[in-house]
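Participant: Got a structure for you, questions after.
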Amino acid sequence: MKRSKEELTEFISRMQEQQQQLFKQAKQLELTPQSMKTVLYELCENIAMIMRADRVSIWLFNDDQTALTEHLTYAADSIAIPIVRELNFYNAKLYFEAITSQRVNSVDDITTNEAFQSLPSNYLVDTPITSLLDASIIMSRGIGGLLCCETVKRRNWTKLDEVFIAAFADMLSFVFDRLNRLEMENRVHELAYTDLLTGIDNENAFIEKVNDKIHKTGKELFGAFLYMKIDQFTSIQSVLGQEGTKESLKKIAIRLRSLFPEGSIFARIAFDHFIIFTEHSSDHEKDENTMEQILSELRNPIMISDQKLFLTFSYGVSLYPQHVTDAYEGIQAAKIALDSSQKMGNRKTRAVYEPLMYEQWEEEMHSEMNLGKGLDMNEFCLFYQPQVESVTHKVTGVEALIRWQHPEKGLLSPAAFIEIAETTGHITQIGEWVVSQACQQLKSWEQKGLGALTISVNISPRHFLHYQFPKFLYSCIQEYNIDPAKLIIEITENVAIEYSKIVELQIQKVQNLGFPISIDDFGTGYSAFLYLQRFSIQEVKIDRQFVTDIENDPKSRAIVRAILTLAKSLHMHTVAEGVETIGQMKKLEELGCFEIQGYYFSKPVPIEELNSWLLASPRFPFLYLPIPPA
Ligand code: C2E
Ligand code: CA
Ligand code: CA
């Protein structure tokens with residue numbers, strides 16, 4: 001179909017206008033699929049006019065490109081919207097191949113087109129289509145969908161038509177990429193703030209909501225933090241098993257919510273621990289009565305699969321602004337009050353926080369967990385867990401994980417002492433010890449011909465932000481003569497985003513020395529995606545939580561895909577943690593994750609074990625882990 005010069009000029013200016021409008025809409029922060037629908041409908045109408053088509057539709061692929069679903073259709077009055085709104089790969093193989101293998105799929109006559117004939121026969125019911133022109137919507141994750149123009153009368157599509165439709169499809173790519181990205185961010189946010197088991201808030205959300213309330217109301221607020229613990233939890237677990245325990249926690253969460261006044265804030269904070277922030281009247285007697293009433297209601301039995309469960313609770317209380325200044329302190333003080341009350345027994349205990357309790361707690365921690373002595377006596381050691389390149393399964397490095405060979409308690413995992421080390425301030429010394437150990441190990445490997453391996457170390461936020469941390473790292477390069485590119489510094493996203501300027505400067509200082517930075521437990525913190533956009537970082541480690549369900553849960557898979565896409569666009573390296581099965585590994589490889597770490601290949605092991613294995617590797621110095629049997 002010939003077009004006059006005037007006509008062409010007009011079309012191009014219309015297209016530009018359309019593009020302008022789309023970009024303006026798509027850049028809005030509150031962009032939703034709903035808010036975009038009207039704009040997209042208008043776009044399709046305009047496309048129909050410019051292309052002289054009778055029907056223009058947008059179709060979107062599912063994650064693995066096995067289904068194509070209609071998103072929106074503009075149809076001229078003379079023609080109906082097709083009744084088939086979803087096409088399945090298995091019923092329309094040739095058509096799927098045609099549209100995914102070329103930029104534009106141009107069909108002048110569908111009756112003679114083999115690929116089109118593979119569509120279900122009812123696609124054409126009521127719609128006498130003769131010609132069609134499809135252009136793929138190319139998104140950052142691959143072909144995401146299709147823009148489809150159809151005409152009743154036969155058309156010989158020209159090169160110009162193909163150029164036009166491809167240009168329109170590119171406009172759509174931008175819009176859908178942005179919509180996808182926003183959806184992922186919302187999902188990650190939801191996961192970062194929700195306790196997946198009970199569906200109520202988790203600690204992150206609790207801290208943020210309470211701090212917000214404190215910030216808005218200030219010192220006029222009379223707030224109480226209640227740290228509650230179920231007394232009979234161990235027996236519930238042994239009697240009811242995993243499912244029953246989950247069920248009972250859910251029911252308890254619902255009951256707690258119904259008993260406290262509206263506006264109270266709740267979270268499940270550890271396995272059987274709940275934290276509540278509620279306003280109080282500051283009339284001591286009245287508050288105590290209210291609490292008694294709540295506790296007696298809580299004692300009413302809970303039904304779990306025909307069994308009556310009688311539960312009691314213990315709790316500690318701290319008050320705002322009397323004892324604490326924010327949510328984090330509130331939780332800690334209420335927990336200390338609870339712990340202190342439990343010295344009197346382990347059922348139905350309660351206590352209100354007193355400053356003396358903190359001193360006692362600190363003293364106990366110091367004497368029970370004598371970290372200083374542990375360091376002096378050389379009781380710590382590092383275990384190493386290999387990290388393996390995706391697909392080739394070549395070992396590229398290890399993560400160093402600390403253990404404490406405690407003289408009385410035996411081999412302790414970091415969970416037993418890192419938090420205490422952070423409170424008592426020993427964490428800096430521990431971190432320095434870990435880094436020095438790792439440097440010595442790198443040097444020793446270099447001498448053994450294993451100089452290509454990297455070591456990742458975990459540095460706690462407080463240590464990372466310490467003004468002398470870069471200076472310490474510099475002294476290590478000097479002392480051990482190592483290549484800093486081989487020592488990866490892992491930090492979590494919770495390295496306070498509020499102090500982002502300080503974080504940014506510190507990240508830069510460490511990177512300027514040549515050390516790569518990796519974000520650990522990615523996706524579980526406050527502001528995962530924001531973090532990546534704000535700071536320039538070398539690596540992300542996808543948290544185990546998303547890896548565990550990657551085979552069965554489309555949500556986890558979508559999140560992993562989103563993280564990988566974003567990381568790739570920012571040229572970041574990616575590692576998946578906690579990979580335990582071949583299925584999880586395959587899925588991660590398919591999604592394009594660079595490296596895999598987890599029990600599937602190896603648990604963290606002592607250095608002797610790792611070394612004997614590395615040096616015995618048949619293809620030394622290229623190290624391939626033997627693949628465990630499926
Ligand atoms: P992380 O940095 O996320 O380390 C990964 C943890 O997951 C390790 O636990 C590791 O043993 C475990 N893990 C690895 N693969 C799998 C798997 O396939 N399945 C399962 N279920 N678990 C797996 P670990 O060694 O107990 O360390 C726990 C946390 O303690 C670490 O989490 C890290 O945050 C912290 N940590 C460890 N070493 C240090 C250290 O030297 N300094 C500091 N500040 N923190 C450390
Ligand atoms: Ca780590
Ligand atoms: Ca981790």
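Chain identifiers are assigned as A, B, and so on, following the order in which chains appear in the structure tokens; residues are numbered from 1 within each chain, and ligands are numbered from 1 in order of appearance.
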May I have the residues within 9 Å of ligand 3, computed using only C-alpha atoms and all ligand atoms, as an NGL selection string?
Facilitator: :A and (458 or 490 or 492 or 519-522 or 541-544 or 576-578)
Participant: What do you get as a ChimeraX atom specification if you pick all residues at most 6 Å from ligand 1, counting only C-alpha atoms and all ligand atoms?
Facilitator: /A:401-402,413-415,431,434,458-460,521,578-580,598-599,604
Participant: Set the distance at 10 Å and use only C-alpha atoms: which residues neighbour Ala562 in chain A once local chain neighbours fewer than 2 positions away are removed? I'd like the list as a list in words.
Facilitator: Ser140, Arg141, Asn180, Arg181, Glu183, Met184, Glu185, Val188, Phe529, Ser556, Arg557, Ala558, Ile559, Val560, Leu564, Thr565, Leu566, Ala567, Lys568 and Leu591 of chain A
Participant: Excluding Gln429 in chain A and any residue of its chain fewer than 4 positions from it, enumerate the residues within 10 Å of it, using only C-alpha atoms, and give them as a PyMOL selection string.
Facilitator: chain A and resi 371-372+375+421+425+433-434+463
Participant: I'd like the interatomic distance between CA of Pro461 in chain A and CA of Lys555 in chain A, to a tenth of an Å.
Facilitator: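 These atoms are spaced 29.4 Å apart.
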Participant: Determine which residues of range 530-562 of chain A receive a DSSP assignment of strand (DSSP E or B), computed from the backbone, and state them as a list in words.
Facilitator: Glu539, Val540, Lys541 and Ile542 of chain A
Participant: Residues at most 9 Å from range 41-50 of chain A, counting only C-alpha atoms, excluding those fewer than 3 positions away in the same chain, as a list in words?
Facilitator: Phe11, Arg14, Met15, Gln18, Leu22, Met36, Lys37, Thr38, Ala53, Asp54, Arg55, Val56, Ser57, Ile58, Leu72, Thr73, Tyr74, Ala75, Ala76, Cys149, Glu150, Phe164, Ile165 and Phe168 of chain A
Participant: Give me a file of those residues, with C-alpha atoms, as an mmCIF file, in the first residue's frame.
Facilitator:
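As written to disk, result18.cif reads:
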```
data_model
loop_
_atom_site.group_PDB
_atom_site.id
_atom_site.type_symbol
_atom_site.label_atom_id
_atom_site.label_comp_id
_atom_site.auth_asym_id
_atom_site.auth_seq_id
_atom_site.Cartn_x
_atom_site.Cartn_y
_atom_site.Cartn_z
ATOM 1 C CA PHE A 11 2.249 9.506 10.809
ATOM 2 C CA ARG A 14 1.770 11.262 15.491
ATOM 3 C CA MET A 15 4.160 8.531 16.501
ATOM 4 C CA GLN A 18 2.436 9.062 21.158
ATOM 5 C CA LEU A 22 3.804 7.054 26.833
ATOM 6 C CA MET A 36 -1.570 2.211 31.997
ATOM 7 C CA LYS A 37 -4.560 0.479 30.407
ATOM 8 C CA THR A 38 -6.291 3.589 29.063
ATOM 9 C CA ALA A 53 -5.601 -2.204 10.607
ATOM 10 C CA ASP A 54 -8.986 -3.394 11.858
ATOM 11 C CA ARG A 55 -7.774 -4.870 15.095
ATOM 12 C CA VAL A 56 -4.667 -4.195 17.193
ATOM 13 C CA SER A 57 -3.873 -6.210 20.282
ATOM 14 C CA ILE A 58 -1.149 -6.623 22.866
ATOM 15 C CA LEU A 72 -5.676 -5.534 25.607
ATOM 16 C CA THR A 73 -7.400 -5.242 22.225
ATOM 17 C CA TYR A 74 -8.646 -2.364 20.147
ATOM 18 C CA ALA A 75 -11.086 -3.486 17.466
ATOM 19 C CA ALA A 76 -12.856 -1.370 14.834
ATOM 20 C CA CYS A 149 -2.135 -5.926 13.811
ATOM 21 C CA GLU A 150 -4.895 -7.678 11.865
ATOM 22 C CA PHE A 164 6.346 1.065 11.937
ATOM 23 C CA ILE A 165 5.062 -1.872 13.907
ATOM 24 C CA PHE A 168 5.537 0.731 18.262
#
```
Participant: Counting only C-alpha atoms and all ligand atoms, which of A:Tyr384, A:Phe23, A:Tyr480, A:Phe472 gets nearest to ligand 2?
Facilitator: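 Nearest to ligand 2: A:Tyr384.
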Participant: Measure the distance from CA of Leu146 in chain A to CA of Asp108 in chain A in Å and round it to one decimal.
Facilitator: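 Taking CA of Leu146 in chain A as the start and CA of Asp108 in chain A as the end point, the length is 17.7 Å.
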Participant: May I have the residues within 7 Å of range 440-447 of chain A as a list in words, using only C-alpha atoms and disregarding those fewer than 3 positions away in the same chain?
Facilitator: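 Surrounding residues, per the criterion: Ser436, Gln437, Leu450, Gly451, Tyr480 and Ile482 of chain A.
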Participant: Kindly save the residues from that selection, with N, CA and C atoms included, as a short mmCIF file (atom, residue, chain, number, x, y, z; two decimals), in the first residue's frame.
Facilitator:
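selection.cif, freshly written:
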```cif
data_model
loop_
_atom_site.label_atom_id
_atom_site.label_comp_id
_atom_site.auth_asym_id
_atom_site.auth_seq_id
_atom_site.Cartn_x
_atom_site.Cartn_y
_atom_site.Cartn_z
N SER A 436 42.42 -11.10 58.76
CA SER A 436 43.84 -11.50 58.77
C SER A 436 44.00 -12.98 58.41
N GLN A 437 43.12 -13.81 58.98
CA GLN A 437 43.18 -15.24 58.67
C GLN A 437 43.02 -15.48 57.18
N LEU A 450 47.33 -22.02 43.90
CA LEU A 450 45.88 -21.84 43.90
C LEU A 450 45.52 -20.35 43.99
N GLY A 451 46.36 -19.54 43.36
CA GLY A 451 46.20 -18.09 43.48
C GLY A 451 44.93 -17.53 42.84
N TYR A 480 50.37 -8.66 54.38
CA TYR A 480 50.33 -10.01 53.80
C TYR A 480 50.65 -10.03 52.30
N ILE A 482 48.85 -9.26 49.66
CA ILE A 482 47.84 -9.99 48.88
C ILE A 482 47.25 -9.09 47.81
#
```
Participant: I want to know what sits within 12 Å of Gln237 in chain A, based on only C-alpha atoms, with residues of the same chain fewer than 6 positions away left out; could you give that as a ChimeraX atom specification?
Facilitator: /A:230-231,243-249,271-272,309
Participant: Hey, which of A:Gly592, A:Val457, A:Ser569, A:Phe546 ends up closest to ligand 2? Count only C-alpha atoms and all ligand atoms.
Facilitator: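 Smallest distance to ligand 2 is found for A:Val457.
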Participant: When you count only C-alpha atoms, which of these residues is closest to Met365 in chain A: A:Thr423, A:Ser318, A:Thr428, A:Thr127?
Facilitator: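 Selected residue with least distance to Met365 in chain A: A:Thr423.
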Participant: Counting only C-alpha atoms and all ligand atoms, which of A:Ser13, A:Thr151, A:Ser118, A:Ser518 gets nearest to ligand 2?
Facilitator: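 Residue with the minimum atom-to-atom distance to ligand 2: A:Ser518.
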Participant: Find, counting only C-alpha atoms, the residue in A:Phe206, A:Ala438, A:Asp553, A:Gln360 that gets nearest to Phe383 in chain A.
Facilitator: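 Of A:Phe206, A:Ala438, A:Asp553, A:Gln360, the one nearest Phe383 in chain A, counting only C-alpha atoms, is A:Ala438.
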Participant: Have a look at A:Ala400, A:Gly449, A:Phe417, A:His571 and name the one nearest to ligand 2; count only C-alpha atoms and all ligand atoms.
Facilitator: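 Using only C-alpha atoms and all ligand atoms, the shortest distance to ligand 2 belongs to A:Ala400.
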Participant: Step one, run DSSP on the backbone; step two, keep only residues of range 98-302 of chain A assigned to helix (DSSP H, G or I); then write them as a PyMOL selection string.
Facilitator: chain A and resi 98-101+110-112+114-117+121-124+159-193+203-220+233-259+284-298
